[in-house]
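Engineer: Okay, here's the structure, questions in a sec.
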2 protein chains.
Amino acid sequence: MPDTPELLLALDYGGTKHTAGLLRRGEDAWAAHGRVYSPAGADAAYDQAAMLRIAHELLARTPGQLVAIGVSFGGPVDAARGLVRLSHHVPGWEDVPLRDRLEAEFGAPAAVDNDANVAALGEWRRGAGQGCNSVLYVTVSTGVGGGWVLEGRIWGGADGMAGEIGHVLVRPGGAACDCGRTGCLEAEASGRAIARAARLRLAANASAGERLRELAGGDSEAITAMHVAQAAAAGDELAQSVLDEAARMLGTGLGAAVNLMNPEKIVLGGGVTKAGERWWRIVRETARAYILPQARLEIAPAALSDDAPLWGASALAEFSVV
Amino acid sequence: MPDTPELLLALDYGGTKHTAGLLRRGEDAWAAHGRVYSPAGADAAYDQAAMLRIAHELLARTPGQLVAIGVSFGGPVDAARGLVRLSHHVPGWEDVPLRDRLEAEFGAPAAVDNDANVAALGEWRRGAGQGCNSVLYVTVSTGVGGGWVLEGRIWGGADGMAGEIGHVLVRPGGAACDCGRTGCLEAEASGRAIARAARLRLAANASAGERLRELAGGDSEAITAMHVAQAAAAGDELAQSVLDEAARMLGTGLGAAVNLMNPEKIVLGGGVTKAGERWWRIVRETARAYILPQARLEIAPAALSDDAPLWGASALAEFSVV
């Protein structure tokens, strides 16, 4: 062991929330940790300056030598080249060579990948996927994203596009998806999809969904997936039916993933996974119904919550140290 | 190089056709090759005795030392334990420890996997998937099977069940599948599915499908997928419509695989891939329509035809030599 602690820098660029953590190599708790929120209208330059400021601040007050940097970025990334393709939320991130810039800034090797992939690595390294040879991580939140960890490494595929389970077709002719197609898992099972389906059902049936209307303060446009889950828990039949169908669609998509890849474990994260036991049961039952009996089906809740990308980034850094 | 050539023994246990090949390590052509057909009613013991006879015969007439054995088996296999689970066609293969028996018989290490996985490895090592970091091989024949080669190795998943693309749901509420579910890719796009769909369409419409009825000699029960492809090529609209729909279903399943795993290449083998350019075009167009634009879609015809499992078995043997 060297006398000077070896430090790993983990960076999580969220849409509006940017987090940095410093980990002494071999330890299990952050040596230093900081977070900054972007104001409305911030661009890539602003966010990057804010992130660098935190990182330098953490490094200044932590004795040791920085040996590697791992990065989670909330948007499409060309991981092989360390290039951010774009952010769906923040302008100015188009084709930014983030890896090279960080290496130049800090003089240490860096690795960059998208948030779903990095969160998958985090859950594998320190969360619900520990000890597994293969993990499919799926986050069911506003959208639906996913990532694979196979034999201890992120599987990004030929173009860094693996894990896009949100765009697997689960209902031919189904709801319109932001990607321009219809019936994608994201368009049928995400938080936004649940809220939209509930609004459509309320509009079509003026006498149903009383509890749900109440929760949204009488404004059906204000309905969120959380309202739907709460109303369902309180016995609202319309809300329950919307939530059940979303769970079936997710189970269908997971079934396809199991038939294709037979992972040791599936880890589900994101806000929609708080929708209750019934949602979990339907997800599992539906997936089970679509796969061959010889394939296992282990679906576990994510353990790291919002910290999965930062922990994953520390693992990316850890693995890039030879 | 040793003076005595090192020999790799490749064995392909088909349903009724059993093939053995001997390869000198490092060479590209079989040093010796033999095949035997099982009579109707043959059981596992008969088939195994026939295969061992050929293998010993090839070894007896080929100078060199056997260093490893690779095996393709036409049915479910527990590759990690070298165990045949069963044959869908031949009785007596239930839980046969084929790897251990071959190692005892020949005194060399053996590796066993199912035919789709081994064919995938064959296409990767010596066929259409050469040089690729990731290949999905799909055979569209009587049924639909598949296998992954990731970074030069078969990806079997946690239970050896990866690659079961034939049981990915592509049409909710669709045709009944042998697996007991409905709408599986195999039930919608296989040769048997094409023949069945054509028979149903003919039964429902007495005036359509004239060319197809002719090709089947007036007996619609005798219709095969090849008849459907031939009739379609000759302008039979009913046959064309059945074939187009099967191609769309295959493209849908491949789209799911690309969204999930983003392979560098997809290799398609099996008799149905002889259905003509239009079938290929629809498969590609449909898959393209279901995937994100950043993910590549390379779909190539298999290069090794029926020899893929035997070549794959030789690669399995090759890789098991340390």
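As shown in the structure tokens, the chain order sets the letters A, B, ...; within each chain, residues go from 1, and ligands are also counted from 1 in the order they appear.
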Each residue of chain B lying at most 6 Å from chain A should get a row with its shortest atom-to-atom pair and the distance in Å to one decimal, counting only C-alpha atoms; could you produce that, ordered by chain and increasing number, as a tab-separated table?

Structural biologist:
```
residue	atom	partner	partner_atom	distance
B:Gly157	CA	A:Asn262	CA	4.7
B:Ala158	CA	A:Glu264	CA	5.0
B:Asp159	CA	A:Ala295	CA	5.8
B:Met161	CA	A:Asn262	CA	5.8
B:Ala162	CA	A:Met261	CA	4.3
B:Gly163	CA	A:Leu260	CA	4.7
B:Glu164	CA	A:Asn259	CA	5.0
B:Ile165	CA	A:Leu260	CA	5.5
B:Val168	CA	A:Ala256	CA	5.1
B:Ala256	CA	A:Val168	CA	5.1
B:Asn259	CA	A:Glu164	CA	5.0
B:Leu260	CA	A:Gly163	CA	4.7
B:Met261	CA	A:Ala162	CA	4.3
B:Asn262	CA	A:Gly157	CA	4.7
B:Pro263	CA	A:Gly157	CA	5.6
B:Glu264	CA	A:Ala158	CA	5.0
B:Ala295	CA	A:Asp159	CA	5.8
```

Engineer: Keeping only N, CA and C atoms, write those residues as a JSON list (two decimals), in the first residue's frame.

Structural biologist:
```json
[["chain", "number", "residue", "atom", "x", "y", "z"],
["B", 157, "GLY", "N", -25.86, -17.16, -20.84],
["B", 157, "GLY", "CA", -26.67, -16.63, -19.75],
["B", 157, "GLY", "C", -26.60, -17.49, -18.51],
["B", 158, "ALA", "N", -27.42, -17.11, -17.53],
["B", 158, "ALA", "CA", -27.33, -17.73, -16.20],
["B", 158, "ALA", "C", -27.72, -19.21, -16.22],
["B", 159, "ASP", "N", -28.58, -19.60, -17.17],
["B", 159, "ASP", "CA", -29.07, -20.99, -17.20],
["B", 159, "ASP", "C", -28.88, -21.62, -18.57],
["B", 161, "MET", "N", -29.87, -20.38, -21.25],
["B", 161, "MET", "CA", -31.10, -20.16, -22.01],
["B", 161, "MET", "C", -31.06, -18.87, -22.83],
["B", 162, "ALA", "N", -29.92, -18.19, -22.86],
["B", 162, "ALA", "CA", -29.85, -16.97, -23.68],
["B", 162, "ALA", "C", -29.98, -17.33, -25.16],
["B", 163, "GLY", "N", -30.42, -16.38, -25.95],
["B", 163, "GLY", "CA", -30.58, -16.61, -27.39],
["B", 163, "GLY", "C", -31.93, -17.19, -27.79],
["B", 164, "GLU", "N", -32.84, -17.33, -26.83],
["B", 164, "GLU", "CA", -34.15, -17.92, -27.15],
["B", 164, "GLU", "C", -35.06, -16.87, -27.79],
["B", 165, "ILE", "N", -34.59, -16.30, -28.87],
["B", 165, "ILE", "CA", -35.36, -15.26, -29.55],
["B", 165, "ILE", "C", -36.65, -15.82, -30.13],
["B", 168, "VAL", "N", -39.53, -14.80, -27.94],
["B", 168, "VAL", "CA", -39.86, -13.39, -27.69],
["B", 168, "VAL", "C", -41.25, -13.13, -28.27],
["B", 256, "ALA", "N", -36.13, -5.90, -31.25],
["B", 256, "ALA", "CA", -36.02, -6.00, -29.79],
["B", 256, "ALA", "C", -34.60, -6.38, -29.40],
["B", 259, "ASN", "N", -32.30, -3.30, -29.80],
["B", 259, "ASN", "CA", -32.51, -2.33, -28.73],
["B", 259, "ASN", "C", -31.87, -2.80, -27.43],
["B", 260, "LEU", "N", -31.96, -4.09, -27.16],
["B", 260, "LEU", "CA", -31.44, -4.59, -25.89],
["B", 260, "LEU", "C", -29.93, -4.75, -25.90],
["B", 261, "MET", "N", -29.36, -5.21, -27.03],
["B", 261, "MET", "CA", -27.95, -5.62, -26.99],
["B", 261, "MET", "C", -27.05, -4.95, -28.01],
["B", 262, "ASN", "N", -27.62, -4.28, -29.02],
["B", 262, "ASN", "CA", -26.81, -3.54, -29.99],
["B", 262, "ASN", "C", -25.62, -4.35, -30.51],
["B", 263, "PRO", "N", -25.90, -5.54, -31.10],
["B", 263, "PRO", "CA", -24.79, -6.35, -31.60],
["B", 263, "PRO", "C", -24.15, -5.72, -32.83],
["B", 264, "GLU", "N", -22.90, -6.08, -33.05],
["B", 264, "GLU", "CA", -22.21, -5.57, -34.24],
["B", 264, "GLU", "C", -22.84, -6.17, -35.50],
["B", 295, "ALA", "N", -28.22, 3.15, -33.36],
["B", 295, "ALA", "CA", -27.76, 1.75, -33.31],
["B", 295, "ALA", "C", -27.65, 1.20, -34.73]]
```

Engineer: Report as an MDAnalysis selection string: the residues of segment 10-253 of chain B with a DSSP assignment of helix (DSSP H, G or I), based on the backbone of this structure.

Structural biologist: chainID B and resid 44:60 98:106 115:126 165:167 185:189 191:204 210:215 220:222 225:233 237:253

Engineer: Which is closer to Asp178 of chain B than all the others in B:Ala206, B:Val144, B:Leu66, B:Ile266, using only C-alpha atoms?

Structural biologist: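 Checking each of B:Ala206, B:Val144, B:Leu66, B:Ile266 against Asp178 of chain B, counting only C-alpha atoms, the winner is B:Val144.
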
Engineer: Write out as a list in words the residues lying within 9 Å of Ala116 of chain A, counting only C-alpha atoms and excluding same-chain residues fewer than 5 positions away.

Structural biologist: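 Those residues are Ser72, Phe73, Gly74, Gly75, Leu121, Tyr137, Val138, Thr139, Gly145, Gly146, Gly147, Trp148, Gly163 and Pro309 of chain A.
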
Engineer: Let me see the file: selected residues, N, CA and C atoms, as a compact mmCIF listing (two decimals), in the first residue's frame.

Structural biologist:
```
# COMPACT_ATOMS: atom_id res chain seq x y z
N SER A 72 -20.67 9.55 -14.89
CA SER A 72 -22.01 9.23 -15.37
C SER A 72 -22.59 10.48 -16.01
N PHE A 73 -23.07 10.35 -17.24
CA PHE A 73 -23.67 11.50 -17.91
C PHE A 73 -25.12 11.20 -18.28
N GLY A 74 -26.00 12.13 -17.96
CA GLY A 74 -27.43 11.93 -18.21
C GLY A 74 -27.82 12.23 -19.63
N GLY A 75 -27.39 11.37 -20.56
CA GLY A 75 -27.71 11.55 -21.97
C GLY A 75 -26.84 10.61 -22.78
N LEU A 121 -23.79 -0.43 -13.39
CA LEU A 121 -22.50 -0.82 -12.81
C LEU A 121 -22.49 -0.58 -11.30
N TYR A 137 -30.09 -3.80 -15.47
CA TYR A 137 -30.64 -2.75 -14.62
C TYR A 137 -31.63 -1.96 -15.45
N VAL A 138 -32.83 -1.74 -14.90
CA VAL A 138 -33.83 -0.95 -15.62
C VAL A 138 -34.35 0.12 -14.67
N THR A 139 -34.34 1.35 -15.14
CA THR A 139 -34.90 2.43 -14.34
C THR A 139 -36.22 2.87 -14.96
N GLY A 145 -35.08 3.58 -18.89
CA GLY A 145 -33.73 3.33 -19.41
C GLY A 145 -33.20 2.02 -18.86
N GLY A 146 -32.07 1.61 -19.40
CA GLY A 146 -31.52 0.35 -18.90
C GLY A 146 -30.06 0.21 -19.22
N GLY A 147 -29.43 -0.73 -18.56
CA GLY A 147 -28.02 -1.01 -18.81
C GLY A 147 -27.69 -2.43 -18.40
N TRP A 148 -26.69 -2.99 -19.08
CA TRP A 148 -26.24 -4.36 -18.78
C TRP A 148 -24.87 -4.33 -18.12
N GLY A 163 -29.04 -1.86 -23.99
CA GLY A 163 -29.81 -1.51 -22.81
C GLY A 163 -30.99 -0.60 -23.07
N PRO A 309 -25.78 6.12 -9.94
CA PRO A 309 -24.82 6.61 -10.94
C PRO A 309 -23.48 7.04 -10.31
```

Engineer: Any idea what's packed within 12 Å of Ala193 of chain A, counting only C-alpha atoms, ignoring anything in its chain fewer than 6 positions away? Could you give it as a PyMOL selection string?

Structural biologist: chain A and resi 140-144+166+174-178+182-187+199-200+223-226+228+242-243+245-247+249-250+272

Engineer: Which residue out of A:Ala55, A:Ala208, A:Val118, A:Leu310 has the minimum interatomic distance to Gly235 of chain A when only C-alpha atoms are used?

Structural biologist: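 Once distances to Gly235 of chain A are computed over only C-alpha atoms, the minimum belongs to A:Ala208.
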